[in-house]
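Coordinates as given in query04.cif (mmCIF, C-alpha atoms):
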```
data_entry
#
loop_
_atom_site.label_atom_id
_atom_site.label_comp_id
_atom_site.auth_asym_id
_atom_site.auth_seq_id
_atom_site.Cartn_x
_atom_site.Cartn_y
_atom_site.Cartn_z
CA GLY U 294 -148.51 73.72 111.74
CA GLN U 295 -150.86 73.18 108.83
CA LEU U 296 -153.02 75.95 107.45
CA SER U 297 -156.66 75.38 106.63
CA VAL U 298 -159.72 77.38 105.63
CA ASP U 299 -163.39 76.84 106.32
CA THR U 300 -164.67 75.24 103.09
CA LEU U 301 -168.10 76.91 103.19
CA GLN U 302 -166.58 80.34 103.86
CA PHE U 303 -164.14 79.79 101.01
CA LEU U 304 -167.05 78.90 98.69
CA LEU U 305 -168.75 82.19 99.60
CA PHE U 306 -165.50 84.09 99.13
CA LEU U 307 -165.16 82.68 95.60
CA TYR U 308 -168.81 83.39 94.84
CA VAL U 309 -168.64 87.09 95.81
CA GLN U 310 -165.77 87.61 93.37
CA GLN U 311 -168.56 87.90 90.78
CA LEU U 312 -169.35 91.36 92.13
CA ASN U 313 -166.96 92.89 89.58
CA LYS U 314 -167.71 90.46 86.77
CA VAL U 315 -167.61 91.94 83.26
CA SER U 316 -169.43 90.42 80.30
CA LEU U 317 -167.12 90.22 77.29
CA ARG U 318 -169.95 88.78 75.17
CA ARG U 319 -172.09 91.89 75.63
CA SER U 320 -169.19 94.07 74.50
CA LEU U 321 -169.17 92.28 71.13
CA ILE U 322 -172.67 93.47 70.26
CA GLY U 323 -171.63 97.09 70.29
CA GLU U 324 -172.48 98.02 73.87
CA GLU U 325 -170.08 100.05 75.95
CA TRP U 326 -167.43 97.92 77.65
CA PRO U 327 -167.19 97.32 80.55
CA SER U 328 -170.96 97.08 80.40
CA PRO U 329 -172.83 99.83 82.26
CA ARG U 330 -174.60 98.35 85.25
CA THR U 331 -177.10 99.88 87.63
CA LYS U 332 -176.28 103.57 87.84
CA SER U 333 -176.01 104.47 91.49
CA PRO U 334 -173.64 107.29 92.38
CA SER U 335 -170.25 106.27 93.72
CA LEU U 336 -167.69 108.40 95.53
CA ALA U 337 -166.93 110.74 92.68
CA GLY U 338 -170.52 110.82 91.45
CA LYS U 339 -169.64 108.40 88.64
CA SER U 340 -171.66 105.30 87.85
CA ALA U 341 -171.23 102.45 90.29
CA SER U 342 -169.87 100.13 87.63
CA GLU U 343 -166.66 102.14 87.81
CA ASN U 344 -166.00 101.50 91.46
CA LYS U 345 -167.99 98.69 92.99
CA ASN U 346 -165.40 97.96 95.66
CA TRP U 347 -166.27 101.29 97.24
CA ASN U 348 -170.03 101.13 96.96
CA ASP U 349 -171.99 99.60 99.84
CA GLN U 350 -175.31 99.87 97.97
CA ASP U 351 -173.82 97.63 95.29
CA HIS U 352 -172.75 95.10 97.92
CA ARG U 353 -176.24 94.97 99.37
CA ALA U 354 -177.89 94.69 95.93
CA PHE U 355 -175.52 91.83 95.06
CA VAL U 356 -176.34 89.88 98.24
CA GLN U 357 -180.09 90.50 97.83
CA SER U 358 -180.18 89.28 94.24
CA HIS U 359 -177.90 86.27 94.82
CA LEU U 360 -179.07 85.20 98.27
CA SER U 361 -180.84 82.01 97.08
CA ASP U 362 -177.75 80.87 95.17
CA MET U 363 -175.49 81.52 98.15
CA LEU U 364 -177.75 79.60 100.54
CA GLU U 365 -177.94 76.70 98.07
CA LEU U 366 -174.14 76.64 97.91
CA LEU U 367 -174.10 76.08 101.68
CA LEU U 368 -176.65 73.23 101.75
CA GLU U 369 -175.66 69.63 102.49
CA PRO U 370 -175.99 67.41 99.36
CA GLU U 371 -179.01 65.52 100.75
CA GLN U 372 -180.94 68.82 101.05
CA LEU U 373 -180.70 69.44 97.29
CA THR U 374 -182.73 68.11 94.35
CA ALA U 375 -181.09 66.19 91.49
CA SER U 376 -180.63 69.51 89.67
CA SER U 377 -178.83 70.94 92.75
CA HIS U 378 -181.60 73.26 93.91
CA ALA U 379 -183.29 73.70 97.27
CA THR U 380 -186.83 72.54 97.97
CA HIS U 381 -189.48 73.93 100.29
CA SER U 382 -188.44 71.44 102.94
CA SER U 383 -184.66 71.92 102.65
CA LEU U 384 -182.86 72.59 105.94
CA VAL U 385 -179.90 74.95 106.36
CA SER U 386 -177.35 73.76 108.94
CA TYR U 387 -176.03 75.91 111.77
CA LYS U 388 -172.55 75.44 110.25
CA ALA U 389 -173.82 77.13 107.06
CA ILE U 390 -175.07 80.13 109.10
CA CYS U 391 -171.62 80.40 110.73
CA ALA U 392 -170.10 80.57 107.24
CA LEU U 393 -172.61 83.26 106.23
CA SER U 394 -171.36 85.36 109.19
CA PHE U 395 -168.36 85.96 106.96
CA LEU U 396 -170.60 88.29 104.90
CA ILE U 397 -173.41 89.36 107.24
CA GLU U 398 -173.56 90.73 110.77
CA GLY U 399 -176.18 92.76 112.54
CA THR U 400 -177.75 94.46 115.52
CA VAL U 401 -180.91 93.85 117.50
CA ASN U 402 -183.45 96.65 118.03
CA LYS U 403 -181.05 99.28 116.67
CA SER U 404 -178.59 98.56 119.50
CA ARG U 405 -174.99 99.71 118.95
CA THR U 406 -173.58 96.23 119.58
CA VAL U 407 -172.84 94.30 116.40
CA HIS U 408 -173.21 90.50 116.49
CA PRO U 409 -172.22 87.88 113.93
CA LEU U 410 -175.17 86.37 112.05
CA HIS U 411 -174.96 82.93 113.73
CA GLU U 412 -175.45 84.53 117.17
CA LEU U 413 -178.41 86.60 116.01
CA ALA U 414 -180.02 83.63 114.28
CA LEU U 415 -180.27 81.71 117.57
CA TRP U 416 -181.73 84.65 119.50
CA GLN U 417 -185.22 83.64 120.68
CA PRO U 418 -187.35 86.32 118.88
CA CYS U 419 -185.43 85.71 115.62
CA ARG U 420 -185.93 81.92 115.76
CA GLU U 421 -189.66 82.33 115.18
CA GLN U 422 -188.97 84.12 111.90
CA ASN U 423 -186.06 82.08 110.55
CA GLY U 424 -187.60 78.62 111.09
CA TYR U 425 -184.98 77.23 113.52
CA SER U 426 -185.82 73.76 114.80
CA LYS U 427 -184.33 72.53 118.09
CA VAL U 428 -184.83 68.95 116.96
CA SER U 429 -182.87 69.17 113.68
CA LYS U 430 -180.64 72.04 114.93
CA ALA U 431 -181.19 73.57 111.48
CA PHE U 432 -183.20 76.34 109.76
CA SER U 433 -186.03 76.12 107.24
CA PHE U 434 -184.63 77.26 103.86
CA PRO U 435 -187.62 79.43 102.73
CA LYS U 436 -188.15 81.00 106.17
CA LEU U 437 -184.46 81.76 106.63
CA GLU U 438 -184.25 83.32 103.18
CA SER U 439 -187.28 85.60 103.71
CA TRP U 440 -186.03 86.58 107.21
CA LEU U 441 -182.64 87.58 105.78
CA ARG U 442 -184.24 89.51 102.90
CA SER U 443 -186.52 91.46 105.24
CA CYS U 444 -183.67 92.45 107.60
CA LEU U 445 -180.87 93.16 105.14
CA THR U 446 -179.75 96.80 105.02
CA THR U 447 -176.70 98.63 103.70
CA ASN U 448 -173.73 98.57 106.07
CA PRO U 449 -174.25 101.61 108.37
CA PHE U 450 -170.51 101.66 109.15
CA GLY U 451 -169.32 101.21 105.56
CA MET U 452 -167.70 103.60 103.13
CA THR U 453 -170.81 105.39 101.89
CA ALA U 454 -171.99 106.03 105.46
CA CYS U 455 -168.48 107.03 106.51
CA LEU U 456 -168.36 109.75 103.86
CA LYS U 457 -171.90 110.95 104.62
CA SER U 458 -172.00 110.96 108.41
CA GLY U 459 -168.41 110.31 109.45
CA LYS U 460 -166.28 112.93 111.10
CA LYS U 461 -164.59 115.08 108.46
CA LEU U 462 -160.88 115.25 109.17
CA ALA U 463 -159.35 118.61 108.32
CA TRP U 464 -155.75 117.49 108.10
CA ALA U 465 -154.64 119.54 105.16
CA GLN U 466 -153.94 123.18 104.58
CA GLN U 467 -155.65 124.27 101.37
CA VAL U 468 -152.50 124.66 99.31
CA GLU U 469 -152.76 127.04 96.37
CA GLY U 470 -154.06 125.28 93.29
CA THR U 471 -155.80 122.47 95.18
CA THR U 472 -159.41 121.63 94.56
CA ARG U 473 -161.95 121.59 97.35
CA ARG U 474 -163.19 118.17 96.29
CA ALA U 475 -160.85 116.42 98.71
CA LYS U 476 -162.77 114.25 101.17
CA ILE U 477 -161.16 112.86 104.30
CA ALA U 478 -163.48 111.18 106.78
CA CYS U 479 -163.43 108.73 109.68
CA ASN U 480 -166.24 106.72 111.21
CA THR U 481 -164.83 106.34 114.75
CA ARG U 482 -167.59 108.51 116.22
CA VAL U 483 -170.45 106.41 114.89
CA VAL U 484 -168.96 102.95 114.68
CA PRO U 485 -169.21 100.44 117.55
CA GLU U 486 -166.23 98.45 118.83
CA VAL U 487 -164.80 97.37 115.48
CA PHE U 488 -161.79 98.58 113.54
CA PRO U 489 -162.33 102.23 112.51
CA MET U 490 -162.26 103.21 108.85
CA VAL U 491 -160.52 106.27 107.42
CA ILE U 492 -161.24 107.34 103.84
CA MET U 493 -159.13 109.81 101.86
CA SER U 494 -160.43 110.67 98.42
CA GLN U 495 -159.37 113.15 95.72
CA VAL U 496 -156.52 114.75 97.64
CA TYR U 497 -154.64 116.82 95.06
CA LYS U 498 -151.25 118.56 95.31
CA GLN U 499 -151.06 118.39 99.10
CA THR U 500 -148.76 117.04 101.76
CA LEU U 501 -150.75 115.38 104.56
CA ALA U 502 -149.08 114.03 107.68
CA LYS U 503 -150.73 112.36 110.63
CA SER U 504 -149.84 110.28 113.65
CA SER U 505 -152.87 110.00 115.93
CA ASP U 506 -155.28 107.73 117.79
CA THR U 507 -157.76 108.21 114.93
CA LEU U 508 -155.50 106.06 112.75
CA VAL U 509 -154.51 103.33 115.22
CA GLY U 510 -155.84 99.98 113.97
CA ALA U 511 -157.78 101.69 111.17
CA HIS U 512 -158.74 100.32 107.76
CA VAL U 513 -157.48 103.11 105.49
CA ARG U 514 -158.92 103.60 101.99
CA ILE U 515 -157.02 106.03 99.75
CA HIS U 516 -158.74 106.83 96.46
CA ARG U 517 -157.97 109.08 93.48
CA CYS U 518 -155.16 111.04 95.13
CA ASN U 519 -152.88 112.85 92.72
CA GLU U 520 -149.52 114.62 93.04
CA SER U 521 -149.59 114.37 96.83
CA PHE U 522 -147.36 113.21 99.68
CA ILE U 523 -149.27 111.34 102.38
CA TYR U 524 -147.66 110.31 105.66
CA LEU U 525 -149.82 108.15 107.99
CA LEU U 526 -147.41 107.39 110.82
CA SER U 527 -149.45 105.14 113.14
CA PRO U 528 -149.93 101.36 113.39
CA LEU U 529 -152.65 100.54 110.84
CA ARG U 530 -154.90 97.50 110.29
CA SER U 531 -155.10 97.50 106.47
CA VAL U 532 -154.60 99.93 103.59
CA THR U 533 -156.14 100.06 100.11
CA ILE U 534 -154.65 102.50 97.58
CA GLU U 535 -156.77 102.78 94.45
CA LYS U 536 -156.66 104.91 91.28
CA CYS U 537 -153.90 107.20 92.60
CA ARG U 538 -151.23 108.87 90.48
CA ASN U 539 -147.83 110.57 90.92
CA SER U 540 -147.96 110.35 94.71
CA THR U 541 -145.85 109.09 97.63
CA PHE U 542 -147.40 107.17 100.54
CA VAL U 543 -145.38 106.70 103.73
CA LEU U 544 -147.30 104.37 106.04
CA GLY U 545 -146.91 103.17 109.60
CA PRO U 546 -146.68 99.36 110.06
CA VAL U 547 -149.72 97.57 108.58
CA GLU U 548 -150.92 94.54 110.55
CA ALA U 549 -152.80 92.89 107.67
CA SER U 550 -152.45 93.80 104.00
CA VAL U 551 -151.66 96.72 101.73
CA GLN U 552 -153.49 96.46 98.40
CA VAL U 553 -152.52 98.72 95.51
CA HIS U 554 -154.84 98.76 92.50
CA SER U 555 -155.02 100.82 89.27
CA CYS U 556 -152.23 103.23 90.30
CA ASP U 557 -149.65 104.99 88.12
CA ASN U 558 -146.25 106.22 89.22
CA VAL U 559 -146.78 105.96 92.97
CA LYS U 560 -144.20 105.24 95.67
CA VAL U 561 -145.29 103.17 98.67
CA ILE U 562 -142.98 103.05 101.70
CA VAL U 563 -144.21 100.56 104.31
CA VAL U 564 -143.57 97.74 106.77
CA CYS U 565 -146.52 95.37 106.26
CA HIS U 566 -147.64 91.79 106.74
CA ARG U 567 -148.65 91.41 103.10
CA LEU U 568 -148.49 93.51 99.91
CA SER U 569 -150.52 92.78 96.78
CA LEU U 570 -150.73 94.79 93.56
CA SER U 571 -152.88 94.72 90.46
CA SER U 572 -153.17 96.93 87.35
CA THR U 573 -150.33 99.25 88.40
CA SER U 574 -147.84 101.00 86.15
CA GLY U 575 -144.40 102.41 86.99
CA CYS U 576 -144.78 102.07 90.79
CA ILE U 577 -141.95 101.64 93.33
CA PHE U 578 -142.40 99.73 96.62
CA TYR U 579 -139.91 100.26 99.45
CA ILE U 580 -140.97 97.48 101.78
CA LEU U 581 -140.16 95.28 104.74
CA THR U 582 -142.50 92.25 104.77
CA PRO U 583 -142.47 88.68 106.18
CA THR U 584 -144.43 87.34 103.16
CA GLN U 585 -143.75 87.38 99.43
CA PRO U 586 -145.35 90.41 97.72
CA LEU U 587 -148.15 89.20 95.42
CA ILE U 588 -148.09 90.51 91.85
CA LEU U 589 -151.60 89.94 90.47
CA SER U 590 -152.71 90.76 86.93
CA GLY U 591 -152.17 93.86 84.78
CA ASN U 592 -148.96 95.29 86.26
CA GLN U 593 -146.16 96.97 84.31
CA ALA U 594 -142.70 98.21 85.31
CA VAL U 595 -142.92 97.44 89.03
CA SER U 596 -139.80 98.15 91.13
CA PHE U 597 -139.07 96.71 94.58
CA ALA U 598 -136.53 98.19 96.98
CA PRO U 599 -135.64 97.65 100.64
CA PHE U 600 -137.52 99.73 103.23
CA HIS U 601 -135.30 102.78 103.68
CA THR U 602 -136.59 105.18 106.31
CA TYR U 603 -137.68 105.49 109.93
CA TYR U 604 -139.55 107.74 112.34
CA PRO U 605 -139.05 107.82 116.14
CA MET U 606 -142.01 105.54 117.03
CA LEU U 607 -141.55 103.04 114.18
CA GLU U 608 -140.15 100.11 116.19
CA ASP U 609 -142.79 100.57 118.93
CA HIS U 610 -145.50 100.57 116.25
CA MET U 611 -144.01 97.43 114.62
CA ALA U 612 -144.14 95.65 117.97
CA GLN U 613 -147.80 96.71 118.42
CA VAL U 614 -148.84 94.99 115.19
CA GLY U 615 -146.49 92.01 115.62
CA LEU U 616 -144.04 92.73 112.78
CA ALA U 617 -140.27 92.14 113.08
CA THR U 618 -137.29 92.83 110.81
CA LEU U 619 -136.88 89.14 109.89
CA PRO U 620 -137.85 87.32 107.76
CA ASN U 621 -137.95 89.99 105.02
CA TYR U 622 -139.11 89.00 101.53
CA TRP U 623 -138.99 92.46 99.93
CA ASP U 624 -136.91 91.05 97.04
CA SER U 625 -138.87 87.80 96.42
CA PRO U 626 -142.23 88.75 94.88
CA MET U 627 -144.57 86.04 93.62
CA LEU U 628 -146.12 86.37 90.16
CA VAL U 629 -149.62 85.05 90.78
CA CYS U 630 -150.88 85.86 87.28
CA LYS U 631 -148.13 85.27 84.75
CA GLU U 632 -148.52 87.85 81.99
CA SER U 633 -148.40 86.67 78.38
CA SER U 634 -145.71 89.19 77.42
CA GLU U 635 -142.10 88.04 77.64
CA THR U 636 -140.73 91.07 79.46
CA SER U 637 -140.34 90.84 83.20
CA VAL U 638 -143.11 92.58 85.11
CA PHE U 639 -140.85 93.64 88.00
CA ARG U 640 -137.26 94.51 88.82
CA LEU U 641 -135.26 95.16 91.98
CA LEU U 642 -134.30 98.83 92.12
CA PRO U 643 -130.65 99.25 91.02
CA PRO U 644 -128.43 100.47 93.92
CA SER U 645 -127.39 103.45 91.74
CA ASP U 646 -131.02 104.72 91.84
CA PHE U 647 -131.37 104.16 95.60
CA TYR U 648 -131.47 107.04 98.10
CA THR U 649 -132.59 107.03 101.72
CA PHE U 650 -135.86 108.77 102.54
CA VAL U 651 -136.12 111.28 105.38
CA ILE U 652 -139.46 111.72 107.15
CA PRO U 653 -139.38 115.48 107.89
CA PHE U 654 -141.38 115.58 111.14
CA GLU U 655 -140.38 115.79 114.78
CA MET U 656 -141.87 113.16 117.11
CA GLU U 657 -141.07 111.49 120.43
CA GLY U 658 -139.60 107.97 120.28
CA ASP U 659 -136.50 105.76 120.28
CA THR U 660 -136.03 104.63 116.66
CA THR U 661 -132.99 106.33 115.15
CA GLU U 662 -132.28 104.19 112.07
CA THR U 663 -133.95 101.97 109.48
CA PRO U 664 -135.07 98.77 111.29
CA GLY U 665 -132.91 95.83 110.27
CA GLY U 666 -130.49 98.06 108.35
CA LEU U 667 -130.05 98.00 104.56
CA PRO U 668 -128.83 95.14 102.33
CA HIS U 669 -125.07 95.38 101.72
CA VAL U 670 -125.18 96.50 98.04
CA TYR U 671 -127.53 99.38 98.84
CA GLN U 672 -125.56 100.45 101.92
CA LYS U 673 -122.38 100.40 99.83
CA ALA U 674 -123.96 102.64 97.14
CA LEU U 675 -124.97 105.15 99.84
CA SER U 676 -121.52 105.13 101.46
CA GLN U 677 -119.81 105.75 98.10
CA ARG U 678 -122.15 108.68 97.44
CA GLU U 679 -121.42 110.11 100.89
CA GLN U 680 -117.71 109.83 100.18
CA LYS U 681 -118.13 111.85 96.97
CA VAL U 682 -119.91 114.60 98.91
CA GLN U 683 -117.05 114.71 101.44
CA ILE U 684 -114.45 114.92 98.64
CA TRP U 685 -116.47 117.73 97.02
CA GLN U 686 -116.65 119.66 100.31
CA LYS U 687 -112.89 119.21 100.82
CA THR U 688 -112.18 120.43 97.25
CA VAL U 689 -114.30 123.58 97.77
CA LYS U 690 -112.62 124.24 101.13
CA GLU U 691 -109.12 123.92 99.68
CA ALA U 692 -109.84 125.94 96.49
CA GLY U 693 -108.83 129.18 98.25
CA LEU U 694 -111.65 131.28 96.80
CA THR U 695 -111.99 134.96 97.66
CA LYS U 696 -115.13 136.20 99.44
CA ASP U 697 -116.65 137.43 96.14
CA GLN U 698 -115.78 134.21 94.33
CA ARG U 699 -117.39 132.18 97.15
CA LYS U 700 -120.57 134.26 96.86
CA GLN U 701 -120.66 133.83 93.08
CA PHE U 702 -119.97 130.10 93.38
CA GLN U 703 -122.76 129.69 95.97
CA MET U 704 -125.27 131.45 93.65
CA LEU U 705 -124.24 129.20 90.77
CA VAL U 706 -124.72 126.04 92.87
CA GLU U 707 -128.11 127.26 94.19
CA ASN U 708 -129.33 128.02 90.66
CA LYS U 709 -128.24 124.59 89.43
CA PHE U 710 -129.91 122.96 92.45
CA TYR U 711 -133.14 124.88 91.79
CA GLU U 712 -133.08 123.79 88.12
CA TRP U 713 -132.63 120.18 89.26
CA LEU U 714 -135.54 120.50 91.73
CA VAL U 715 -137.86 121.74 88.97
CA GLN U 716 -136.74 119.15 86.40
CA THR U 717 -137.12 116.18 88.78
CA GLY U 718 -140.41 117.35 90.27
CA ASN U 719 -138.86 117.43 93.76
CA ARG U 720 -139.57 121.14 94.12
CA GLN U 721 -143.25 120.39 94.69
CA GLN U 722 -142.42 118.20 97.68
CA LEU U 723 -140.36 121.00 99.26
CA ASP U 724 -142.94 123.69 98.47
CA SER U 725 -145.76 121.72 100.06
CA LEU U 726 -143.73 121.40 103.29
CA VAL U 727 -143.67 125.17 103.82
CA PRO U 728 -145.03 125.76 107.35
CA PRO U 729 -148.54 127.26 107.49
CA THR U 730 -148.81 130.98 108.09
CA VAL U 731 -149.19 132.20 111.66
CA GLY U 732 -152.81 132.05 112.73
CA SER U 733 -153.80 129.02 110.64
CA LYS U 734 -153.71 125.88 112.72
CA GLN U 735 -153.37 122.22 111.72
CA ALA U 736 -156.60 120.58 112.87
CA ALA U 737 -156.34 117.53 115.08
CA GLY U 738 -158.00 114.43 113.69
#
```

Using structure tokens, write down the structure that the file contains.
Amino acid sequence: GQLSVDTLQFLLFLYVQQLNKVSLRRSLIGEEWPSPRTKSPSLAGKSASENKNWNDQDHRAFVQSHLSDMLELLLEPEQLTASSHATHSSLVSYKAICALSFLIEGTVNKSRTVHPLHELALWQPCREQNGYSKVSKAFSFPKLESWLRSCLTTNPFGMTACLKSGKKLAWAQQVEGTTRRAKIACNTRVVPEVFPMVIMSQVYKQTLAKSSDTLVGAHVRIHRCNESFIYLLSPLRSVTIEKCRNSTFVLGPVEASVQVHSCDNVKVIVVCHRLSLSSTSGCIFYILTPTQPLILSGNQAVSFAPFHTYYPMLEDHMAQVGLATLPNYWDSPMLVCKESSETSVFRLLPPSDFYTFVIPFEMEGDTTETPGGLPHVYQKALSQREQKVQIWQKTVKEAGLTKDQRKQFQMLVENKFYEWLVQTGNRQQLDSLVPPTVGSKQAAG
């Protein structure tokens, strides 16, 4: 079948991309670049210009200040003047209001039920304010605009509200050396029947693992996490990983998209419908996906590898979000923004650098191997490595060492192994998996 998009919605989608627009011209006259915008505090208390994607106040301010332009974009040509502007008598079609529902929804009389804008606009008490005419089946441009302006508020179920009033999730033990700035919150308690949102910000040097109803179908936002291992083993709706460093993310199947932005040296292990990355450096993606991964602008040294792990409920979770093992385009990324430099932005991980990944938690479930298996060259590399281990074990067994020699040999091997753990940074992963002391309990989220 053919794919299509609503033209008016697509126009709005393109228009709101201006939210993060940067003026290069202003930077030439000696001002700071990117230019400082309105200073409203964002997640980390920094200015909003640093992180507009996360700031609901910014979204509202943008819509308020550009509302006239957006409504004019949605007008039929005959409702515009020669210079493409609206007049006092311009009419806004019902179709245009349906498109605007893409950006705006609302409630009536502080009810907990959220309706799309086009439903609210036809509600009898609202019609009087927005200038709806039964005859033309359209809205008066000036009345509609002033009605929208008077009703527009910041999203009460968005990220800012989630961090302020959402349920704090105490998933992590405070590991020695961690900061107490970590914020993990969920808005399931306050949000009506829409996808819940889970936010994890500034998690540092921790291992977090979760499989729970809190996460099922959630939009997960992971922000500024550093030197951590995060396992979210439930079927998820979407995941955004932003400004994270030196961390590993093991995710349950993601129904929509995983977006990775401004990250350094992270590993993402996931079965997802779509993966897109921008401004990343030195990241590895172990993925199973039915669509080509999208490589947007600003990426360096990206590696792709086949999805290489499992947990007992994985196949059940894949079925829940409608993902199968085929087709799998893990090795066919699409360069959406071709970089000017000659060097290739991505590579497929060489089989010699490929190891399976074990998820170290016990759960109920039937999955006992990586769904779909591994591509032949990677499976072969693993088998050869396994063979070497068996030969090594046989050699040690047949060496005929005395009891003392065996003890000495064991100490030597353990010391070498410990040195390797420290050098490769793998020691931290093992240390953070130490079970909590008796008496401290992992909180349910």

Near-Leu410 (chain U) list (12 Å; only C-alpha atoms; drop same-chain fewer than 4 positions) as a list in words: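 My reading of the contact set: Tyr387, Lys388, Ala389, Ile390, Cys391, Ala392, Leu393, Ser394, Phe395, Leu396, Ile397, Glu398, Gly399, Thr400, Val401, Ala414, Leu415, Trp416, Cys419, Asn423, Leu437, Trp440, Leu441, Cys444 and Leu445 of chain U.
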
Please produce a file of the residues just selected, as a PDB file, in the coordinates of the input, where the atoms kept are C-alpha atoms.
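The resulting file, result14.pdb, is reproduced below:
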```pdb
ATOM      1  CA  TYR U 387    -176.030  75.910 111.770  1.00  0.00           C
ATOM      2  CA  LYS U 388    -172.550  75.440 110.250  1.00  0.00           C
ATOM      3  CA  ALA U 389    -173.820  77.130 107.060  1.00  0.00           C
ATOM      4  CA  ILE U 390    -175.070  80.130 109.100  1.00  0.00           C
ATOM      5  CA  CYS U 391    -171.620  80.400 110.730  1.00  0.00           C
ATOM      6  CA  ALA U 392    -170.100  80.570 107.240  1.00  0.00           C
ATOM      7  CA  LEU U 393    -172.610  83.260 106.230  1.00  0.00           C
ATOM      8  CA  SER U 394    -171.360  85.360 109.190  1.00  0.00           C
ATOM      9  CA  PHE U 395    -168.360  85.960 106.960  1.00  0.00           C
ATOM     10  CA  LEU U 396    -170.600  88.290 104.900  1.00  0.00           C
ATOM     11  CA  ILE U 397    -173.410  89.360 107.240  1.00  0.00           C
ATOM     12  CA  GLU U 398    -173.560  90.730 110.770  1.00  0.00           C
ATOM     13  CA  GLY U 399    -176.180  92.760 112.540  1.00  0.00           C
ATOM     14  CA  THR U 400    -177.750  94.460 115.520  1.00  0.00           C
ATOM     15  CA  VAL U 401    -180.910  93.850 117.500  1.00  0.00           C
ATOM     16  CA  ALA U 414    -180.020  83.630 114.280  1.00  0.00           C
ATOM     17  CA  LEU U 415    -180.270  81.710 117.570  1.00  0.00           C
ATOM     18  CA  TRP U 416    -181.730  84.650 119.500  1.00  0.00           C
ATOM     19  CA  CYS U 419    -185.430  85.710 115.620  1.00  0.00           C
ATOM     20  CA  ASN U 423    -186.060  82.080 110.550  1.00  0.00           C
ATOM     21  CA  LEU U 437    -184.460  81.760 106.630  1.00  0.00           C
ATOM     22  CA  TRP U 440    -186.030  86.580 107.210  1.00  0.00           C
ATOM     23  CA  LEU U 441    -182.640  87.580 105.780  1.00  0.00           C
ATOM     24  CA  CYS U 444    -183.670  92.450 107.600  1.00  0.00           C
ATOM     25  CA  LEU U 445    -180.870  93.160 105.140  1.00  0.00           C
TER      26      LEU U 445
END
```

Spatial neighbours of Leu570 (chain U), max dist 7 Å, only C-alpha atoms, sep filter under 5 positions, as a list of chain:residue names: U:Gln552, U:Val553, U:His554, U:Leu587, U:Ile588, U:Leu589

Each residue of region 613-644 of chain U lying at most 12 Å from region 527-536 of chain U should get a row with its shortest atom-to-atom pair and the distance in Å to one decimal, counting only C-alpha atoms; could you produce that, ordered by chain and increasing number, as JSON lines?
```
{"residue": "U:Gln613", "atom": "CA", "partner": "U:Pro528", "partner_atom": "CA", "distance": 7.2}
{"residue": "U:Val614", "atom": "CA", "partner": "U:Pro528", "partner_atom": "CA", "distance": 6.7}
{"residue": "U:Gly615", "atom": "CA", "partner": "U:Pro528", "partner_atom": "CA", "distance": 10.2}
{"residue": "U:Leu616", "atom": "CA", "partner": "U:Pro528", "partner_atom": "CA", "distance": 10.5}
```

CA of Phe432 (chain U) to CA of Gln417 (chain U), straight-line distance in Å: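 About the pair CA of Gln417 (chain U) and CA of Phe432 (chain U): they are 13.3 Å apart.
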
Target residues per the PyMOL selection byres ((chain U and resi 499-516) around 7), formatted as a ChimeraX atom specification: /U:464-465,468,488-498,517-518,521-537,725-726,738

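Across the structure, CA of Val706 (chain U) and CA of Tyr648 (chain U) are spaced 20.8 Å apart.
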
Selection result of the PyMOL selection byres ((chain U and resi 298-306) around 7) on this file, as a PyMOL selection string: chain U and resi 297+307-310+363+367+389+392+395

Go ahead and write the residues just picked, C-alpha atoms, as a PDB file, in the coordinates of the input.
```pdb
ATOM      1  CA  SER U 297    -156.660  75.380 106.630  1.00  0.00           C
ATOM      2  CA  LEU U 307    -165.160  82.680  95.600  1.00  0.00           C
ATOM      3  CA  TYR U 308    -168.810  83.390  94.840  1.00  0.00           C
ATOM      4  CA  VAL U 309    -168.640  87.090  95.810  1.00  0.00           C
ATOM      5  CA  GLN U 310    -165.770  87.610  93.370  1.00  0.00           C
ATOM      6  CA  MET U 363    -175.490  81.520  98.150  1.00  0.00           C
ATOM      7  CA  LEU U 367    -174.100  76.080 101.680  1.00  0.00           C
ATOM      8  CA  ALA U 389    -173.820  77.130 107.060  1.00  0.00           C
ATOM      9  CA  ALA U 392    -170.100  80.570 107.240  1.00  0.00           C
ATOM     10  CA  PHE U 395    -168.360  85.960 106.960  1.00  0.00           C
TER      11      PHE U 395
END
```

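Taking CA of His359 (chain U) and CA of Ser439 (chain U) as endpoints, the distance between them is 12.9 Å.
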
Local residues around (-144.0, 94.4, 90.4), at most 9 Å away, using all atoms listed in the file, as a count of residues only: 26

Nearest to Ser382 (chain U), chosen from U:Leu413, U:Val543, U:Ala431, U:Leu312, with only C-alpha atoms counted in the distances: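 Under the stated criterion, the closest residue is U:Ala431.
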